[in-house]
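The structure under discussion appears below in the form of structure tokens.
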Amino acid sequence: ELCRQIVLNKPQKLILLDVSEAQLYEIHQELSETLQETTNPLSVEALIGNVQNGMLMSHILRKHRVQTIYHAAAYKHVPMVENNVIAGVTNNVFGTYEIAQAAIYCKVETFVLISTDKAVNPTSVMGATKRAAEIYVQSLNNLLSEIEADSPTRFITTRFGNVLGSNGSVI
């Protein structure tokens, strides 16, 4: 849904990055078909990758001169993360660390962390991992503003609840 909304704002280019080839293919096909039906000259490129790979993230950000990152890569299903704690921490916390560091290194203008309402007073491992990611991103924003008055990367956190039409959403 985030990609569908971004397309409406007519950026010059949209880079889709996902670790899931099938889901990446699906959204790329949908957006490509939608754009063919309009006069929107938007270029959409689909890349397979994992946010935990900081070198790959830096390469992609530099190559495509990314200005804004919407970081929504997370394991978000509470029971799955409860049963796979290491994977949840690795992806949700360390993955956020890696892509945030790449954003700073590549001087990305804006980094938006998409978090969850489950990060408010977390009662699950998933909520705790998202809260840890939020705290880290907020600390980067504070640290960078203290070090450099005109920091190249601005960090923003937003929390979503269940989003209708998203993978794993609830009506």
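Labeling convention for the structure tokens: chains A, B, ... as they appear, residues from 1 per chain, ligands from 1 in order of appearance.
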Residues within 12 Å of stretch 29-37 of chain A, please, as a PyMOL selection string. Count only C-alpha atoms; anything in the same chain fewer than 3 positions from it doesn't count.
chain A and resi 1-8+10+14-16+22-26+40-46
Write the selection just made, keeping N, CA, C and O atoms, as a compact mmCIF listing (two decimals), in the first residue's frame?
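What ended up in out-v9.txt:
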# COMPACT_ATOMS: atom_id res chain seq x y z
N GLU A 1 0.82 -1.20 0.00
CA GLU A 1 0.00 0.00 0.00
C GLU A 1 0.86 1.26 0.00
O GLU A 1 0.53 2.25 -0.63
N LEU A 2 1.96 1.18 0.71
CA LEU A 2 2.88 2.33 0.76
C LEU A 2 3.36 2.68 -0.65
O LEU A 2 3.36 3.86 -1.03
N CYS A 3 3.72 1.69 -1.43
CA CYS A 3 4.17 1.95 -2.81
C CYS A 3 3.06 2.54 -3.66
O CYS A 3 3.31 3.45 -4.45
N ARG A 4 1.85 2.04 -3.48
CA ARG A 4 0.72 2.59 -4.23
C ARG A 4 0.52 4.07 -3.92
O ARG A 4 0.24 4.87 -4.82
N GLN A 5 0.68 4.44 -2.68
CA GLN A 5 0.51 5.84 -2.28
C GLN A 5 1.68 6.70 -2.78
O GLN A 5 1.47 7.84 -3.20
N ILE A 6 2.88 6.17 -2.74
CA ILE A 6 4.05 6.93 -3.22
C ILE A 6 3.92 7.23 -4.70
O ILE A 6 4.22 8.34 -5.14
N VAL A 7 3.44 6.29 -5.47
CA VAL A 7 3.25 6.49 -6.91
C VAL A 7 2.34 7.68 -7.18
O VAL A 7 2.57 8.45 -8.12
N LEU A 8 1.33 7.87 -6.36
CA LEU A 8 0.40 8.99 -6.54
C LEU A 8 1.08 10.35 -6.41
O LEU A 8 0.60 11.34 -6.95
N LYS A 10 3.99 11.02 -7.61
CA LYS A 10 4.78 11.17 -8.84
C LYS A 10 6.27 11.48 -8.60
O LYS A 10 6.79 12.49 -9.10
N LEU A 14 11.09 5.07 -8.45
CA LEU A 14 10.74 4.31 -7.26
C LEU A 14 11.52 3.00 -7.30
O LEU A 14 11.40 2.24 -8.26
N ILE A 15 12.31 2.78 -6.28
CA ILE A 15 13.06 1.54 -6.14
C ILE A 15 12.31 0.67 -5.14
O ILE A 15 12.13 1.07 -3.99
N LEU A 16 11.89 -0.49 -5.57
CA LEU A 16 11.25 -1.45 -4.69
C LEU A 16 12.32 -2.44 -4.24
O LEU A 16 13.02 -3.00 -5.07
N ALA A 22 8.70 -13.30 -4.75
CA ALA A 22 7.30 -13.41 -5.19
C ALA A 22 6.53 -12.13 -4.89
O ALA A 22 5.81 -11.61 -5.76
N GLN A 23 6.67 -11.59 -3.69
CA GLN A 23 5.94 -10.37 -3.34
C GLN A 23 6.47 -9.16 -4.11
O GLN A 23 5.71 -8.29 -4.50
N LEU A 24 7.77 -9.14 -4.32
CA LEU A 24 8.37 -8.06 -5.10
C LEU A 24 7.84 -8.08 -6.53
O LEU A 24 7.47 -7.05 -7.09
N TYR A 25 7.81 -9.26 -7.13
CA TYR A 25 7.29 -9.42 -8.49
C TYR A 25 5.84 -8.94 -8.57
O TYR A 25 5.46 -8.21 -9.49
N GLU A 26 5.05 -9.34 -7.58
CA GLU A 26 3.62 -9.00 -7.57
C GLU A 26 3.40 -7.49 -7.54
O GLU A 26 2.63 -6.95 -8.34
N ASN A 40 1.78 8.85 -16.23
CA ASN A 40 2.85 8.99 -15.24
C ASN A 40 4.14 8.35 -15.78
O ASN A 40 4.18 7.15 -16.02
N PRO A 41 5.20 9.15 -15.98
CA PRO A 41 6.45 8.63 -16.54
C PRO A 41 7.36 7.97 -15.50
O PRO A 41 8.54 7.74 -15.76
N LEU A 42 6.83 7.66 -14.34
CA LEU A 42 7.61 7.10 -13.25
C LEU A 42 8.35 5.84 -13.65
O LEU A 42 7.78 4.94 -14.26
N SER A 43 9.61 5.78 -13.29
CA SER A 43 10.42 4.58 -13.49
C SER A 43 10.37 3.77 -12.20
O SER A 43 10.67 4.29 -11.12
N VAL A 44 9.98 2.50 -12.30
CA VAL A 44 9.92 1.61 -11.15
C VAL A 44 10.89 0.47 -11.37
O VAL A 44 10.85 -0.20 -12.40
N GLU A 45 11.78 0.28 -10.40
CA GLU A 45 12.76 -0.80 -10.49
C GLU A 45 12.62 -1.70 -9.28
O GLU A 45 12.53 -1.23 -8.15
N ALA A 46 12.61 -3.00 -9.53
CA ALA A 46 12.47 -3.99 -8.46
C ALA A 46 13.82 -4.64 -8.19
O ALA A 46 14.46 -5.17 -9.11
Per residue of stretch 39-121 of chain A within 12 Å of stretch 128-131 of chain A, note the shortest atom pair and the distance in Å to one decimal, counting only C-alpha atoms, and order the rows by chain and increasing residue number, as a Markdown table.
| residue | atom | partner | partner_atom | distance |
| --- | --- | --- | --- | --- |
| A:His71 | CA | A:Lys130 | CA | 11.8 |
| A:Ala72 | CA | A:Lys130 | CA | 10.6 |
| A:Ala73 | CA | A:Lys130 | CA | 10.8 |
| A:Ala74 | CA | A:Lys130 | CA | 8.3 |
| A:Tyr75 | CA | A:Lys130 | CA | 9.3 |
| A:Lys76 | CA | A:Lys130 | CA | 8.8 |
| A:His77 | CA | A:Lys130 | CA | 11.7 |
| A:Val78 | CA | A:Ala128 | CA | 10.5 |
| A:Val81 | CA | A:Thr129 | CA | 9.4 |
| A:Glu82 | CA | A:Ala128 | CA | 10.7 |
| A:Val85 | CA | A:Thr129 | CA | 9.3 |
| A:Ile86 | CA | A:Thr129 | CA | 10.4 |
| A:Ala87 | CA | A:Thr129 | CA | 10.5 |
| A:Gly88 | CA | A:Thr129 | CA | 7.0 |
| A:Val89 | CA | A:Thr129 | CA | 5.8 |
| A:Thr90 | CA | A:Thr129 | CA | 9.0 |
| A:Asn91 | CA | A:Thr129 | CA | 8.9 |
| A:Asn92 | CA | A:Thr129 | CA | 5.8 |
| A:Val93 | CA | A:Thr129 | CA | 5.8 |
| A:Phe94 | CA | A:Thr129 | CA | 9.5 |
| A:Gly95 | CA | A:Thr129 | CA | 10.7 |
| A:Thr96 | CA | A:Lys130 | CA | 9.3 |
| A:Tyr97 | CA | A:Thr129 | CA | 11.7 |
| A:Leu113 | CA | A:Lys130 | CA | 9.6 |
| A:Ile114 | CA | A:Lys130 | CA | 9.1 |
| A:Ser115 | CA | A:Lys130 | CA | 6.1 |
| A:Thr116 | CA | A:Lys130 | CA | 7.0 |
| A:Asp117 | CA | A:Lys130 | CA | 9.3 |
| A:Lys118 | CA | A:Lys130 | CA | 7.8 |
| A:Ala119 | CA | A:Arg131 | CA | 4.7 |
| A:Val120 | CA | A:Arg131 | CA | 7.3 |
| A:Asn121 | CA | A:Ala128 | CA | 8.2 |
What would the file look like if the residues just selected were written as a PDB file, in the first residue's frame with C-alpha atoms?
ATOM      1  CA  HIS A  71      11.935   1.371   5.783  1.00  0.00           C
ATOM      2  CA  ALA A  72       9.122  -1.111   6.266  1.00  0.00           C
ATOM      3  CA  ALA A  73      11.193  -4.299   6.205  1.00  0.00           C
ATOM      4  CA  ALA A  74      10.181  -6.164   9.325  1.00  0.00           C
ATOM      5  CA  TYR A  75       8.896  -9.405  10.647  1.00  0.00           C
ATOM      6  CA  LYS A  76       5.540  -8.239  11.905  1.00  0.00           C
ATOM      7  CA  HIS A  77       3.475 -11.271  12.851  1.00  0.00           C
ATOM      8  CA  VAL A  78       3.560 -11.532  16.633  1.00  0.00           C
ATOM      9  CA  VAL A  81       8.434 -13.573  15.989  1.00  0.00           C
ATOM     10  CA  GLU A  82       7.643 -15.079  19.418  1.00  0.00           C
ATOM     11  CA  VAL A  85      13.207 -14.515  18.443  1.00  0.00           C
ATOM     12  CA  ILE A  86      16.688 -14.452  16.895  1.00  0.00           C
ATOM     13  CA  ALA A  87      15.292 -13.903  13.405  1.00  0.00           C
ATOM     14  CA  GLY A  88      13.000 -11.148  14.714  1.00  0.00           C
ATOM     15  CA  VAL A  89      15.812  -9.296  16.465  1.00  0.00           C
ATOM     16  CA  THR A  90      18.194  -9.784  13.561  1.00  0.00           C
ATOM     17  CA  ASN A  91      15.758  -8.417  10.997  1.00  0.00           C
ATOM     18  CA  ASN A  92      13.833  -5.785  12.933  1.00  0.00           C
ATOM     19  CA  VAL A  93      16.702  -4.351  14.996  1.00  0.00           C
ATOM     20  CA  PHE A  94      19.938  -5.152  13.164  1.00  0.00           C
ATOM     21  CA  GLY A  95      18.330  -4.701   9.730  1.00  0.00           C
ATOM     22  CA  THR A  96      17.225  -1.218  10.790  1.00  0.00           C
ATOM     23  CA  TYR A  97      20.738  -0.517  12.055  1.00  0.00           C
ATOM     24  CA  LEU A 113      10.995   4.077   9.803  1.00  0.00           C
ATOM     25  CA  ILE A 114       7.608   2.428   9.518  1.00  0.00           C
ATOM     26  CA  SER A 115       6.878   1.047  12.959  1.00  0.00           C
ATOM     27  CA  THR A 116       3.801  -0.416  14.580  1.00  0.00           C
ATOM     28  CA  ASP A 117       1.308   0.370  17.286  1.00  0.00           C
ATOM     29  CA  LYS A 118       2.638  -2.767  18.992  1.00  0.00           C
ATOM     30  CA  ALA A 119       5.799  -0.806  19.877  1.00  0.00           C
ATOM     31  CA  VAL A 120       3.809   1.180  22.460  1.00  0.00           C
ATOM     32  CA  ASN A 121       4.578  -0.431  25.831  1.00  0.00           C
TER      33      ASN A 121
END
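Note that atom CA of A:Leu61 and atom CA of A:Asn84 are 29.5 Å apart.
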Run DSSP on the backbone and tell me which residues of chain A come out as helix (DSSP H, G or I); list them as a ChimeraX atom specification.
/A:2-8,21-36,54-63,78-83,85-105,117-119,125-147
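Of the residues listed (A:Leu17, A:Thr157, A:Thr68, A:Ala103), A:Thr157 shows the shortest atom-to-atom separation from A:Ala132; distances use only C-alpha atoms.
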Please return, as JSON, numbers by chain, all residues of chain A that DSSP assigns to strand (DSSP E or B) on the basis of the backbone.
{"A": [13, 14, 15, 16, 17, 18, 43, 44, 45, 46, 47, 48, 68, 69, 70, 71, 110, 111, 112, 113, 114, 115, 116, 154, 155, 156, 157, 158, 159, 160]}
